[in-house]
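K.L.:
Got a structure for you, protein_9.cif, holding mmCIF, C-alpha atoms.
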data_my_file
loop_
_atom_site.label_atom_id
_atom_site.label_comp_id
_atom_site.auth_asym_id
_atom_site.auth_seq_id
_atom_site.Cartn_x
_atom_site.Cartn_y
_atom_site.Cartn_z
CA MET A 1 -14.40 -42.85 -36.43
CA LYS A 2 -10.74 -50.07 -37.93
CA ARG A 3 -7.50 -54.52 -40.18
CA ASN A 4 -4.81 -58.65 -41.62
CA LYS A 5 -3.64 -61.73 -43.66
CA VAL A 6 -0.66 -63.56 -45.07
CA LEU A 7 -1.50 -63.36 -48.75
CA ALA A 8 -2.19 -59.67 -48.20
CA LEU A 9 -5.12 -60.72 -46.17
CA LEU A 10 -4.14 -62.31 -42.87
CA LEU A 11 -5.56 -59.20 -41.42
CA SER A 12 -4.85 -60.08 -37.83
CA THR A 13 -1.27 -59.78 -36.86
CA SER A 14 0.82 -59.31 -33.83
CA MET A 15 1.44 -55.83 -35.16
CA ILE A 16 -2.20 -54.97 -34.56
CA ILE A 17 -2.54 -53.86 -30.98
CA GLY A 18 -4.56 -50.73 -31.62
CA MET A 19 -7.52 -49.07 -34.47
CA LEU A 20 -11.04 -46.48 -36.19
CA THR A 21 -12.78 -45.86 -37.94
CA GLY A 22 -13.84 -45.49 -38.05
CA CYS A 23 -13.54 -45.65 -39.77
CA GLY A 24 -13.70 -43.64 -37.86
CA SER A 25 -13.08 -44.14 -34.48
CA SER A 26 -12.70 -42.00 -31.43
CA LYS A 27 -12.04 -44.86 -29.10
CA THR A 28 -12.20 -44.40 -25.38
CA GLU A 29 -10.60 -46.19 -22.45
CA GLU A 30 -11.27 -49.84 -23.08
CA ALA A 31 -12.17 -52.50 -20.56
CA ALA A 32 -9.49 -54.98 -19.57
CA PRO A 33 -8.98 -57.23 -22.59
CA ALA A 34 -9.68 -60.91 -22.54
CA THR A 35 -6.74 -62.69 -20.95
CA GLU A 36 -7.55 -66.32 -21.50
CA THR A 37 -4.69 -68.10 -23.25
CA ALA A 38 -5.70 -69.85 -26.44
CA THR A 39 -4.58 -73.45 -26.61
CA GLU A 40 -3.80 -75.52 -29.65
CA GLU A 41 -6.98 -77.49 -29.01
CA THR A 42 -9.02 -74.28 -28.87
CA THR A 43 -7.72 -73.19 -32.26
CA GLU A 44 -8.41 -76.58 -33.82
CA THR A 45 -11.95 -76.91 -32.54
CA ALA A 46 -12.89 -73.29 -33.21
CA GLU A 47 -12.62 -73.54 -36.97
CA ALA A 48 -15.53 -75.42 -38.45
CA GLU A 49 -15.67 -77.03 -41.87
CA PRO A 50 -17.56 -75.04 -44.52
CA VAL A 51 -20.96 -76.40 -45.48
CA GLU A 52 -23.11 -76.11 -48.56
CA GLU A 53 -24.70 -72.72 -49.20
CA ALA A 54 -28.23 -74.14 -49.12
CA ALA A 55 -27.71 -75.20 -45.51
CA VAL A 56 -27.27 -71.62 -44.30
CA GLU A 57 -30.24 -69.99 -46.03
CA GLY A 58 -32.78 -68.76 -43.50
CA THR A 59 -30.20 -68.69 -40.71
CA LYS A 60 -30.03 -65.56 -38.57
CA VAL A 61 -26.57 -64.00 -38.31
CA THR A 62 -25.90 -61.17 -35.89
CA ILE A 63 -23.15 -58.64 -36.60
CA ALA A 64 -21.77 -56.07 -34.15
CA VAL A 65 -20.86 -52.65 -35.57
CA TRP A 66 -20.32 -49.13 -34.20
CA ASN A 67 -22.06 -47.17 -36.95
CA GLU A 68 -25.70 -47.19 -37.97
CA PRO A 69 -26.62 -48.95 -41.25
CA ASN A 70 -27.44 -46.59 -44.11
CA SER A 71 -31.07 -45.45 -44.06
CA ASP A 72 -31.27 -45.83 -47.85
CA GLU A 73 -31.94 -49.53 -48.42
CA ALA A 74 -30.08 -49.47 -51.72
CA LEU A 75 -26.99 -48.32 -49.83
CA ASN A 76 -27.52 -50.62 -46.85
CA MET A 77 -25.05 -53.44 -47.46
CA TYR A 78 -26.62 -55.61 -44.75
CA ALA A 79 -30.09 -55.36 -46.28
CA GLN A 80 -28.66 -56.19 -49.70
CA CYS A 81 -26.73 -59.09 -48.19
CA GLU A 82 -30.00 -60.57 -46.92
CA LYS A 83 -31.47 -60.42 -50.43
CA ALA A 84 -28.40 -61.96 -52.03
CA THR A 85 -27.76 -64.76 -49.55
CA GLY A 86 -31.13 -65.58 -48.01
CA ILE A 87 -29.53 -65.15 -44.59
CA ASP A 88 -31.28 -62.99 -41.98
CA VAL A 89 -28.69 -60.35 -41.05
CA GLU A 90 -29.35 -58.67 -37.71
CA VAL A 91 -27.20 -55.61 -36.98
CA THR A 92 -26.34 -54.71 -33.40
CA VAL A 93 -25.05 -51.15 -33.08
CA VAL A 94 -22.81 -50.55 -30.07
CA PRO A 95 -21.96 -46.89 -29.31
CA GLU A 96 -18.47 -46.09 -30.55
CA SER A 97 -17.36 -44.88 -27.12
CA ASP A 98 -18.18 -48.30 -25.63
CA TYR A 99 -17.34 -50.45 -28.62
CA SER A 100 -13.92 -51.83 -27.74
CA SER A 101 -14.79 -52.50 -24.08
CA LYS A 102 -18.07 -54.19 -25.06
CA LEU A 103 -16.39 -56.54 -27.52
CA ASN A 104 -13.65 -57.34 -25.01
CA GLN A 105 -16.33 -58.25 -22.49
CA MET A 106 -18.13 -60.47 -25.00
CA VAL A 107 -14.93 -62.29 -25.90
CA SER A 108 -13.85 -62.78 -22.28
CA THR A 109 -17.27 -64.21 -21.30
CA LYS A 110 -17.46 -66.41 -24.43
CA ASP A 111 -20.71 -64.71 -25.43
CA SER A 112 -22.36 -66.53 -28.33
CA SER A 113 -25.08 -63.99 -29.11
CA THR A 114 -23.06 -62.24 -31.83
CA ASP A 115 -21.75 -64.16 -34.82
CA ILE A 116 -19.62 -61.48 -36.51
CA TYR A 117 -17.55 -58.83 -34.79
CA VAL A 118 -16.25 -55.90 -36.83
CA VAL A 119 -13.03 -55.56 -34.83
CA TRP A 120 -10.67 -52.61 -34.55
CA GLU A 121 -6.92 -52.92 -34.91
CA ASN A 122 -6.35 -52.53 -31.20
CA ASP A 123 -8.30 -55.71 -30.45
CA ILE A 124 -7.90 -58.23 -33.26
CA SER A 125 -4.48 -59.55 -32.22
CA ASN A 126 -5.61 -60.23 -28.67
CA PHE A 127 -8.92 -61.73 -29.77
CA ALA A 128 -7.08 -64.16 -32.03
CA GLN A 129 -4.53 -65.07 -29.38
CA VAL A 130 -7.15 -65.93 -26.77
CA GLY A 131 -9.25 -67.96 -29.19
CA GLY A 132 -12.12 -65.48 -29.30
CA ILE A 133 -12.26 -65.44 -33.10
CA ILE A 134 -11.49 -68.15 -35.63
CA PRO A 135 -9.08 -68.35 -38.58
CA MET A 136 -10.99 -68.31 -41.88
CA ASP A 137 -8.36 -69.90 -44.12
CA ASP A 138 -10.36 -73.07 -44.85
CA TYR A 139 -13.34 -71.00 -45.88
CA LEU A 140 -11.16 -68.69 -47.96
CA SER A 141 -9.59 -71.59 -49.83
CA LYS A 142 -13.02 -72.21 -51.38
CA SER A 143 -14.00 -68.55 -51.70
CA GLU A 144 -13.70 -65.99 -54.48
CA ILE A 145 -12.63 -63.21 -52.10
CA LYS A 146 -9.57 -61.58 -53.69
CA THR A 147 -7.10 -62.25 -50.91
CA ASP A 148 -4.10 -61.38 -53.08
CA GLU A 149 -5.25 -57.85 -53.94
CA PHE A 150 -5.22 -55.99 -50.65
CA ILE A 151 -3.45 -52.64 -50.43
CA ASP A 152 0.15 -52.77 -49.28
CA ALA A 153 -0.46 -51.39 -45.81
CA VAL A 154 -2.98 -54.15 -45.13
CA SER A 155 -0.63 -56.78 -46.51
CA LYS A 156 2.11 -55.66 -44.12
CA LEU A 157 -0.18 -56.43 -41.20
CA SER A 158 -0.32 -60.08 -42.17
CA GLU A 159 2.52 -61.74 -40.33
CA GLY A 160 2.32 -63.04 -36.80
CA LEU A 161 -0.81 -65.04 -36.02
CA GLY A 162 -0.46 -67.82 -38.58
CA GLY A 163 -3.97 -67.52 -39.98
CA THR A 164 -6.50 -65.17 -41.55
CA TYR A 165 -8.59 -63.97 -38.64
CA GLY A 166 -10.16 -60.87 -40.18
CA LEU A 167 -10.97 -59.15 -43.46
CA PRO A 168 -10.97 -55.32 -43.86
CA TRP A 169 -14.33 -53.77 -44.54
CA CYS A 170 -12.81 -50.67 -46.19
CA ALA A 171 -9.69 -48.51 -46.48
CA ALA A 172 -10.51 -45.16 -44.95
CA THR A 173 -8.02 -42.33 -44.76
CA GLU A 174 -7.64 -38.77 -43.47
CA ILE A 175 -7.97 -35.76 -45.76
CA LEU A 176 -8.31 -31.99 -45.80
CA TYR A 177 -11.80 -30.55 -46.35
CA TYR A 178 -12.07 -26.93 -47.44
CA ASN A 179 -14.80 -24.38 -48.10
CA GLN A 180 -14.32 -23.17 -51.67
CA ASP A 181 -16.60 -20.19 -51.18
CA MET A 182 -14.46 -18.91 -48.33
CA PHE A 183 -11.26 -19.41 -50.31
CA ASP A 184 -12.77 -17.48 -53.23
CA ALA A 185 -13.88 -14.62 -51.00
CA ALA A 186 -10.44 -14.36 -49.39
CA GLY A 187 -8.61 -14.64 -52.72
CA VAL A 188 -6.65 -17.67 -51.51
CA ASP A 189 -5.64 -20.43 -53.92
CA TYR A 190 -7.29 -23.79 -53.32
CA PRO A 191 -5.25 -26.48 -51.55
CA THR A 192 -3.54 -29.07 -53.74
CA ASN A 193 -2.31 -32.57 -53.02
CA ASP A 194 1.19 -31.10 -52.89
CA TRP A 195 0.36 -28.38 -50.39
CA SER A 196 3.06 -27.82 -47.81
CA TYR A 197 2.41 -27.39 -44.11
CA ALA A 198 3.60 -23.80 -44.44
CA ASP A 199 1.02 -23.26 -47.20
CA PHE A 200 -1.66 -24.57 -44.85
CA GLN A 201 -0.60 -22.32 -41.98
CA ALA A 202 -0.50 -19.21 -44.16
CA ALA A 203 -3.91 -19.92 -45.68
CA ALA A 204 -5.45 -20.61 -42.26
CA GLU A 205 -4.41 -17.17 -41.05
CA LYS A 206 -5.74 -15.42 -44.17
CA LEU A 207 -9.06 -17.26 -43.96
CA THR A 208 -9.69 -16.40 -40.32
CA GLN A 209 -12.47 -13.82 -39.94
CA LYS A 210 -12.68 -11.70 -36.80
CA ALA A 211 -15.30 -9.38 -35.39
CA GLU A 212 -14.61 -5.79 -34.42
CA ASP A 213 -13.98 -6.83 -30.81
CA GLY A 214 -11.25 -9.23 -31.94
CA THR A 215 -13.18 -12.44 -31.38
CA THR A 216 -13.11 -15.02 -34.15
CA GLU A 217 -16.25 -15.41 -36.24
CA VAL A 218 -14.82 -17.92 -38.72
CA TYR A 219 -11.74 -20.01 -37.96
CA GLY A 220 -9.12 -20.69 -40.59
CA CYS A 221 -9.15 -24.34 -39.56
CA ALA A 222 -11.00 -26.47 -37.06
CA LEU A 223 -9.08 -28.05 -34.19
CA PRO A 224 -7.50 -31.48 -34.86
CA ASN A 225 -9.85 -34.27 -33.83
CA THR A 226 -9.19 -37.72 -32.40
CA GLN A 227 -7.83 -39.00 -35.69
CA THR A 228 -6.01 -35.99 -37.07
CA TRP A 229 -3.96 -35.10 -34.00
CA TRP A 230 -1.90 -38.13 -34.96
CA ALA A 231 -1.75 -37.17 -38.62
CA GLY A 232 -0.20 -33.85 -37.63
CA ILE A 233 2.27 -35.48 -35.24
CA GLY A 234 3.28 -38.13 -37.76
CA ALA A 235 3.72 -35.53 -40.49
CA ALA A 236 5.95 -33.57 -38.11
CA GLY A 237 8.32 -36.53 -38.05
CA ASP A 238 7.36 -38.81 -35.16
CA GLN A 239 6.82 -42.52 -35.77
CA VAL A 240 3.75 -42.53 -33.45
CA TYR A 241 3.57 -46.35 -33.35
CA ASP A 242 6.44 -48.84 -33.56
CA PRO A 243 5.09 -52.18 -34.87
CA SER A 244 8.25 -54.01 -33.79
CA ASN A 245 7.51 -53.55 -30.10
CA GLY A 246 4.00 -52.10 -29.83
CA GLN A 247 5.21 -48.86 -28.28
CA MET A 248 3.98 -45.30 -28.75
CA VAL A 249 6.77 -43.11 -30.12
CA LEU A 250 6.48 -39.37 -29.53
CA GLY A 251 9.23 -36.77 -29.56
CA GLU A 252 10.12 -33.51 -31.24
CA GLY A 253 7.43 -33.96 -33.87
CA ALA A 254 4.69 -34.03 -31.26
CA VAL A 255 6.15 -31.07 -29.38
CA SER A 256 6.36 -29.10 -32.63
CA PHE A 257 2.80 -29.84 -33.76
CA VAL A 258 1.28 -29.19 -30.33
CA SER A 259 3.21 -25.92 -30.19
CA ASP A 260 1.91 -24.91 -33.63
CA CYS A 261 -1.67 -25.65 -32.61
CA PHE A 262 -1.18 -23.65 -29.40
CA ASP A 263 -0.03 -20.67 -31.46
CA MET A 264 -3.03 -20.96 -33.80
CA VAL A 265 -5.41 -21.15 -30.84
CA GLU A 266 -3.75 -18.07 -29.31
CA LYS A 267 -4.24 -16.17 -32.58
CA GLY A 268 -7.84 -17.31 -32.94
CA VAL A 269 -7.01 -19.24 -36.11
CA MET A 270 -8.17 -22.45 -34.40
CA PRO A 271 -10.80 -22.79 -31.67
CA ALA A 272 -9.70 -23.63 -28.15
CA PRO A 273 -10.51 -27.15 -26.92
CA SER A 274 -13.94 -27.32 -25.30
CA SER A 275 -16.80 -29.67 -24.60
CA ASP A 276 -18.61 -28.33 -27.68
CA THR A 277 -18.56 -31.12 -30.27
CA ALA A 278 -20.23 -29.12 -33.06
CA ASP A 279 -18.82 -29.63 -36.57
CA LEU A 280 -17.54 -26.11 -37.26
CA PHE A 281 -16.70 -26.89 -40.88
CA ALA A 282 -20.20 -28.16 -41.69
CA ALA A 283 -21.65 -25.17 -39.86
CA GLY A 284 -19.66 -22.73 -42.02
CA LYS A 285 -17.59 -21.60 -39.03
CA ALA A 286 -14.26 -23.03 -40.18
CA ALA A 287 -12.73 -22.69 -43.63
CA MET A 288 -10.79 -25.94 -43.38
CA SER A 289 -10.90 -29.16 -41.41
CA TRP A 290 -8.75 -32.28 -41.15
CA GLN A 291 -11.12 -35.25 -41.01
CA GLY A 292 -11.66 -38.82 -42.13
CA SER A 293 -12.74 -39.70 -45.66
CA TRP A 294 -15.94 -41.18 -44.24
CA ASN A 295 -17.30 -37.65 -43.82
CA ILE A 296 -17.64 -37.39 -47.61
CA GLY A 297 -20.63 -39.72 -47.45
CA THR A 298 -21.99 -37.84 -44.44
CA TYR A 299 -21.72 -34.42 -46.09
CA GLY A 300 -22.82 -35.39 -49.59
CA SER A 301 -24.97 -32.52 -50.86
CA GLU A 302 -26.07 -31.46 -47.38
CA LEU A 303 -23.65 -28.57 -46.86
CA GLY A 304 -24.81 -25.08 -47.75
CA PHE A 305 -21.63 -24.16 -49.63
CA ASN A 306 -19.23 -25.46 -52.26
CA TRP A 307 -16.48 -27.66 -50.87
CA ASP A 308 -13.72 -29.96 -52.02
CA ILE A 309 -10.94 -32.12 -50.60
CA ALA A 310 -7.15 -32.45 -50.76
CA THR A 311 -4.54 -34.57 -49.07
CA LEU A 312 -3.30 -33.38 -45.70
CA PRO A 313 -0.45 -30.87 -46.05
CA THR A 314 3.09 -32.21 -46.14
CA ASN A 315 5.26 -31.20 -43.21
CA ALA A 316 8.49 -33.13 -42.58
CA LEU A 317 6.80 -35.87 -44.58
CA LYS A 318 3.44 -36.80 -46.09
CA TYR A 319 1.56 -38.83 -43.48
CA ASN A 320 -1.89 -39.95 -42.50
CA THR A 321 -3.43 -42.87 -40.68
CA LEU A 322 -5.36 -45.63 -42.37
CA HIS A 323 -8.60 -46.77 -40.75
CA THR A 324 -10.69 -49.88 -41.14
CA GLY A 325 -12.39 -52.60 -39.16
CA PHE A 326 -12.07 -56.35 -39.62
CA TYR A 327 -14.90 -58.75 -40.23
CA THR A 328 -14.22 -61.60 -37.79
CA ILE A 329 -16.15 -64.71 -36.77
CA ASN A 330 -16.89 -65.30 -33.10
CA ALA A 331 -15.34 -68.62 -31.99
CA ASN A 332 -18.44 -69.23 -29.86
CA SER A 333 -20.91 -68.55 -32.64
CA LYS A 334 -23.29 -71.39 -33.49
CA ASN A 335 -23.61 -70.04 -37.04
CA GLN A 336 -20.03 -69.83 -38.28
CA GLU A 337 -20.75 -71.14 -41.78
CA ALA A 338 -23.56 -68.65 -42.31
CA ALA A 339 -21.39 -65.92 -40.78
CA PHE A 340 -18.71 -66.55 -43.38
CA LYS A 341 -21.30 -66.41 -46.16
CA VAL A 342 -22.29 -62.96 -44.93
CA ILE A 343 -18.65 -61.85 -44.81
CA GLU A 344 -18.09 -63.32 -48.27
CA TYR A 345 -20.88 -61.14 -49.67
CA LEU A 346 -19.69 -58.03 -47.82
CA MET A 347 -16.14 -58.55 -49.12
CA GLY A 348 -17.27 -59.26 -52.67
CA GLU A 349 -17.60 -56.73 -55.48
CA GLU A 350 -21.27 -55.95 -54.81
CA GLY A 351 -20.93 -55.59 -51.04
CA GLN A 352 -17.78 -53.52 -51.28
CA ALA A 353 -19.28 -51.25 -53.95
CA ILE A 354 -22.36 -50.59 -51.81
CA ASN A 355 -20.19 -49.81 -48.80
CA SER A 356 -18.05 -47.42 -50.84
CA LYS A 357 -21.03 -45.60 -52.32
CA ALA A 358 -22.54 -45.14 -48.88
CA SER A 359 -19.41 -44.11 -47.02
CA GLY A 360 -16.97 -42.61 -49.51
CA ASN A 361 -14.33 -45.08 -48.36
CA PRO A 362 -12.53 -47.17 -50.99
CA SER A 363 -12.29 -50.92 -50.74
CA ALA A 364 -9.00 -52.31 -49.40
CA ILE A 365 -9.09 -54.64 -52.44
CA LYS A 366 -7.24 -52.80 -55.20
CA SER A 367 -9.21 -54.03 -58.21
CA ILE A 368 -12.51 -53.11 -56.55
CA ALA A 369 -11.24 -49.73 -55.38
CA ASP A 370 -10.09 -48.99 -58.93
CA GLN A 371 -13.73 -49.09 -60.06
CA GLY A 372 -14.32 -45.83 -58.17
CA ALA A 373 -17.58 -46.60 -56.37
CA TRP A 374 -16.27 -44.53 -53.43
CA LYS A 375 -16.70 -41.33 -55.45
CA VAL A 376 -19.93 -40.40 -53.66
CA GLU A 377 -22.41 -39.14 -56.24
CA ALA A 378 -24.07 -36.77 -53.80
CA ALA A 379 -20.80 -34.90 -53.24
CA THR A 380 -21.29 -32.93 -56.43
CA THR A 381 -18.73 -30.19 -55.75
CA ILE A 382 -15.76 -32.54 -55.31
CA GLU A 383 -13.37 -32.51 -58.23
CA ASN A 384 -10.14 -33.63 -56.56
CA TRP A 385 -10.94 -37.32 -56.06
CA ASP A 386 -7.23 -38.04 -56.49
CA ALA A 387 -6.88 -36.81 -52.92
CA ILE A 388 -8.22 -40.15 -51.73
CA THR A 389 -5.85 -42.35 -53.71
CA ASP A 390 -2.94 -40.04 -52.87
CA SER A 391 -3.78 -40.23 -49.17
CA LEU A 392 -4.09 -44.01 -49.24
CA ALA A 393 -0.65 -44.28 -50.79
CA ALA A 394 0.84 -42.30 -47.90
CA GLY A 395 -1.26 -43.96 -45.20
CA VAL A 396 -0.01 -46.19 -42.41
CA PHE A 397 -1.63 -48.09 -39.57
CA GLY A 398 -0.32 -45.86 -36.82
CA TYR A 399 -2.06 -44.69 -33.64
CA THR A 400 -4.96 -47.06 -34.31
CA CYS A 401 -2.70 -49.96 -33.37
CA LEU A 402 -2.28 -48.54 -29.86
CA PRO A 403 -4.69 -49.04 -26.95
CA SER A 404 -7.39 -46.40 -27.20
CA GLY A 405 -6.95 -45.41 -23.57
CA VAL A 406 -3.36 -44.49 -24.33
CA THR A 407 -4.16 -42.36 -27.37
CA ASN A 408 -7.14 -40.66 -25.75
CA ASN A 409 -5.05 -39.78 -22.72
CA ALA A 410 -2.44 -38.26 -25.03
CA ILE A 411 -5.06 -36.09 -26.73
CA SER A 412 -6.24 -34.89 -23.33
CA GLU A 413 -2.64 -33.89 -22.59
CA PHE A 414 -2.32 -32.07 -25.92
CA ASN A 415 -5.56 -30.18 -25.30
CA ALA A 416 -4.32 -29.19 -21.85
CA ALA A 417 -1.27 -27.66 -23.53
CA LEU A 418 -3.51 -25.73 -25.94
CA LEU A 419 -5.34 -24.31 -22.96
CA GLY A 420 -2.04 -23.18 -21.40
CA GLN A 421 -2.32 -25.61 -18.49
CA LYS A 422 1.10 -27.11 -19.28
CA THR A 423 3.81 -26.71 -21.89
CA PRO A 424 3.79 -28.78 -25.08
CA GLN A 425 6.91 -30.59 -23.85
CA GLU A 426 5.24 -31.42 -20.53
CA ALA A 427 2.16 -32.70 -22.35
CA VAL A 428 4.20 -34.96 -24.62
CA ASP A 429 6.31 -36.25 -21.71
CA SER A 430 3.20 -37.00 -19.67
CA ALA A 431 1.51 -38.78 -22.59
CA SER A 432 4.63 -40.85 -23.21
CA GLN A 433 4.94 -41.83 -19.57
CA TYR A 434 1.30 -42.89 -19.40
CA ALA A 435 1.78 -45.03 -22.51
CA LYS A 436 4.89 -46.62 -21.03
CA GLU A 437 3.10 -47.52 -17.81
CA THR A 438 -0.09 -48.71 -19.51
CA ILE A 439 1.43 -50.80 -22.27
CA GLY A 440 4.35 -51.93 -20.10
CA TYR A 441 7.74 -51.15 -21.56
#
Mind turning this structure into structure tokens?

P.N.:
Amino acid sequence: MKRNKVLALLLSTSMIIGMLTGCGSSKTEEAAPATETATEETTETAEAEPVEEAAVEGTKVTIAVWNEPNSDEALNMYAQCEKATGIDVEVTVVPESDYSSKLNQMVSTKDSSTDIYVVWENDISNFAQVGGIIPMDDYLSKSEIKTDEFIDAVSKLSEGLGGTYGLPWCAATEILYYNQDMFDAAGVDYPTNDWSYADFQAAAEKLTQKAEDGTTEVYGCALPNTQTWWAGIGAAGDQVYDPSNGQMVLGEGAVSFVSDCFDMVEKGVMPAPSSDTADLFAAGKAAMSWQGSWNIGTYGSELGFNWDIATLPTNALKYNTLHTGFYTINANSKNQEAAFKVIEYLMGEEGQAINSKASGNPSAIKSIADQGAWKVEAATTIENWDAITDSLAAGVFGYTCLPSGVTNNAISEFNAALLGQKTPQEAVDSASQYAKETIGY
């Protein structure tokens, strides 16, 4: 299931050429990005002067997102924004698989139908450079948004574009989910936030349940998904993404992790890659799963077993990827003042608290995150909430800053290795070569 600023908030930086999210985000091959060169005049005329709040009441503001608004009105931050601001907020949901390409198309054609884009890391730098979104610094100078309280990883993404082009809607992370009932039945100790990678591997084997014919009935762990392939590779020691040059960096870490996953697939500890997208953990067919924190809100009390969370196991180092999306204002919007008022609400304490309660993702603003609204009340079996804060502390903006076509191609290569169609080394070499040719280095 994606982030910049100078005072810990210039969320759009030259370092951002890639992210999830969503929050998750399994991004697919994107359309050719907008290539128009932004001029000094474009930047100056794009940013409008703020107006009085009364002037924007009753205005309709359209926001593009990749995930459906919460069905519970109390947890629908857009519905609550309407009540608080008097602005009509219209949400346009674009399928996640088409999201990046759709927004690139809208920017390149100067589409004015959408006022706010929630932009992934892989797009925000380009959108700012071509004048597709506006800097919000003048608005922020008169706002109460806590621009000096963003988490460190967000703050580090703040140098390069010379303005605040986006604000992070959350700070999602990747964590380990586990079925407590299965651990109890197998007599295996629960994972901790200090679990080693070796601990994880040993537990996965013990938790695997096989039928008399040798086929696996319950896997020790589900296969890595779009997000967690990179968590495993980063934890194995590879940099994944080099912010200094925008390159993908894979090596021995990737070969090692792909090899480990191949071995687990061969043993039936993990499922083989397939077109089946069923959630094996939620279905009670996998004892563990590496997934994004946003699944906490999705699972809530809906699973038919006791479950809890922990940080991802530590291999060569503790590593996971941070995910967010940036609220940005379309440079061609006719409602920029009202758009900022919507963003101001969504980034304020009330909007951020609603988002956290609905999704399980903390705010990227430290003082708001500290209030703990992200501890989803429906997830009654979770006790280890420290897993979230621990994961955030170890999180980096990694693969999400790379073009999604590059990262998705790499995952296809890794899966081919798991199916025995090529060696792990061949898969990593092929993925690296594709990245080199696509990005151009």

K.L.:
Taking into account all atoms listed in the file, which residue in the set A:Ile411, A:Ala254, A:Ala416, A:Ala286 is nearest to A:Gln239?

P.N.:
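The shortest atom-to-atom distance to A:Gln239 comes from A:Ala254.
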
K.L.:
Can you tell me which residues surround A:Glu57 at a distance of at most 8 Å, considering only C-alpha atoms, apart from same-chain residues fewer than 4 positions away, and format the answer as a ChimeraX atom specification?

P.N.:
/A:53,85-87,338

K.L.:
Identify which of the residues A:Met288, A:Ala236, A:Ile309, A:Ile175 lies closest to A:Leu207, counting only C-alpha atoms when measuring atom-to-atom distances.

P.N.:
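Under the stated criterion, the closest residue is A:Met288.
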
K.L.:
Record the distance separating atom CA of A:Val269 and atom CA of A:Tyr219, expressed in Å with one decimal.

P.N.:
5.1 Å

K.L.:
Please identify all polymer residues within 9 Å of A:Ala339, counting all atoms listed in the file, omitting same-chain residues fewer than 3 positions from it, and present them as a PyMOL selection string.

P.N.:
chain A and resi 56+60-63+115-116+328-330+333+335-336+342-344

K.L.:
With distances taken over only C-alpha atoms, which residue among A:Gly214, A:Trp66, A:Gln209, A:Ala331 lies nearest A:Met106?

P.N.:
A:Ala331

K.L.:
Kindly indicate which residue among A:Ala378, A:Leu419, A:Val91, A:Val188 lies nearest to A:Ser301, using only C-alpha atoms for the distances.

P.N.:
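That would be A:Ala378, the residue with the smallest distance to A:Ser301.
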
K.L.:
Between atom CA of A:Ser259 and atom CA of A:Leu392, what distance in Å does the model show, to one decimal?

P.N.:
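These atoms are spaced 27.3 Å apart.
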
K.L.:
Quick check, in Å to one decimal: how far apart do atom CA of A:Asp308 and atom CA of A:Glu377 lie?

P.N.:
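Atom-to-atom, atom CA of A:Asp308 and atom CA of A:Glu377 are spaced 13.3 Å apart.
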
K.L.:
Between A:Glu121, A:Asp199, A:Asp276, A:Asp72, single out the one closest to A:Leu322, counting all atoms listed in the file.

P.N.:
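Of the candidates, the smallest distance to A:Leu322 is held by A:Glu121.
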
K.L.:
Find the residue from A:Thr216, A:Ser293, A:Gln105, A:Ser430 that sits nearest to A:Ser359; use only C-alpha atoms when measuring.

P.N.:
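Closest candidate: A:Ser293.
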
K.L.:
Quick one: residues within 7 Å of A:Ala387, all atoms listed in the file, excluding same-chain residues fewer than 6 positions away - as a list in words?

P.N.:
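Near neighbours after the sequence-gap exclusion: Asn193, Ile309, Ala310 and Thr311 of chain A.
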
K.L.:
Might you pull out every residue within 9 Å of A:Asp137, with all atoms listed in the file counted and same-chain residues fewer than 5 positions away left off, and present them as a VMD selection string?

P.N.:
chain A and resid 10 142 163 to 165

K.L.:
If we count only C-alpha atoms and set the cut-off at 12 Å, which residues sit around A:Thr423, ignoring sequence neighbours fewer than 4 positions away in its own chain? Please answer as a list in words.

P.N.:
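Neighbouring residues, sequence-local ones excluded: Ala254, Val255, Ser256, Val258, Ser259, Phe262, Asp263, Glu413, Phe414, Asn415, Ala416, Ala417, Leu418, Leu419, Ala427, Val428, Asp429 and Ser430 of chain A.
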
K.L.:
Using the chain letters and residue numbers of this document, give as number ranges by chain the residues selected by the PyMOL selection byres ((chain A and resi 241) around 8).

P.N.:
A: 239-240, 242-243, 246-249, 398-399, 401-402

K.L.:
I need the residue set behind the PyMOL selection byres ((chain A and resi 92) around 10) for this file; please write it as a list in words.

P.N.:
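This file gives the following for the PyMOL selection byres ((chain A and resi 92) around 10): Thr62, Ile63, Ala64, Val65, Trp66, Asn67, Glu68, Pro69, Val89, Glu90, Val91, Val93, Val94, Pro95, Thr114 and Tyr117 of chain A.
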
K.L.:
Please expand the PyMOL selection byres ((chain A and resi 200) around 12) into the concrete residues it hits in this file, giving the result as a PyMOL selection string.

P.N.:
chain A and resi 176-178+188-199+201-207+220-221+232+260+264+269+287-290+310-315

K.L.:
Just stretch 66-77 of chain A, please, as a PDB file, in the first residue's frame (only C-alpha atoms).

P.N.:
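Final output, result.pdb:
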ATOM      1  CA  TRP A  66      -5.809   5.565  -3.851  1.00  0.00           C
ATOM      2  CA  ASN A  67      -7.722   4.152  -0.883  1.00  0.00           C
ATOM      3  CA  GLU A  68     -11.425   4.295  -0.140  1.00  0.00           C
ATOM      4  CA  PRO A  69     -12.590   6.653   2.646  1.00  0.00           C
ATOM      5  CA  ASN A  70     -13.590   4.899   5.863  1.00  0.00           C
ATOM      6  CA  SER A  71     -17.192   3.682   5.798  1.00  0.00           C
ATOM      7  CA  ASP A  72     -17.666   4.814   9.409  1.00  0.00           C
ATOM      8  CA  GLU A  73     -18.416   8.537   9.173  1.00  0.00           C
ATOM      9  CA  ALA A  74     -16.791   9.190  12.539  1.00  0.00           C
ATOM     10  CA  LEU A  75     -13.558   7.748  11.128  1.00  0.00           C
ATOM     11  CA  ASN A  76     -13.902   9.397   7.720  1.00  0.00           C
ATOM     12  CA  MET A  77     -11.513  12.339   7.913  1.00  0.00           C
TER      13      MET A  77
END
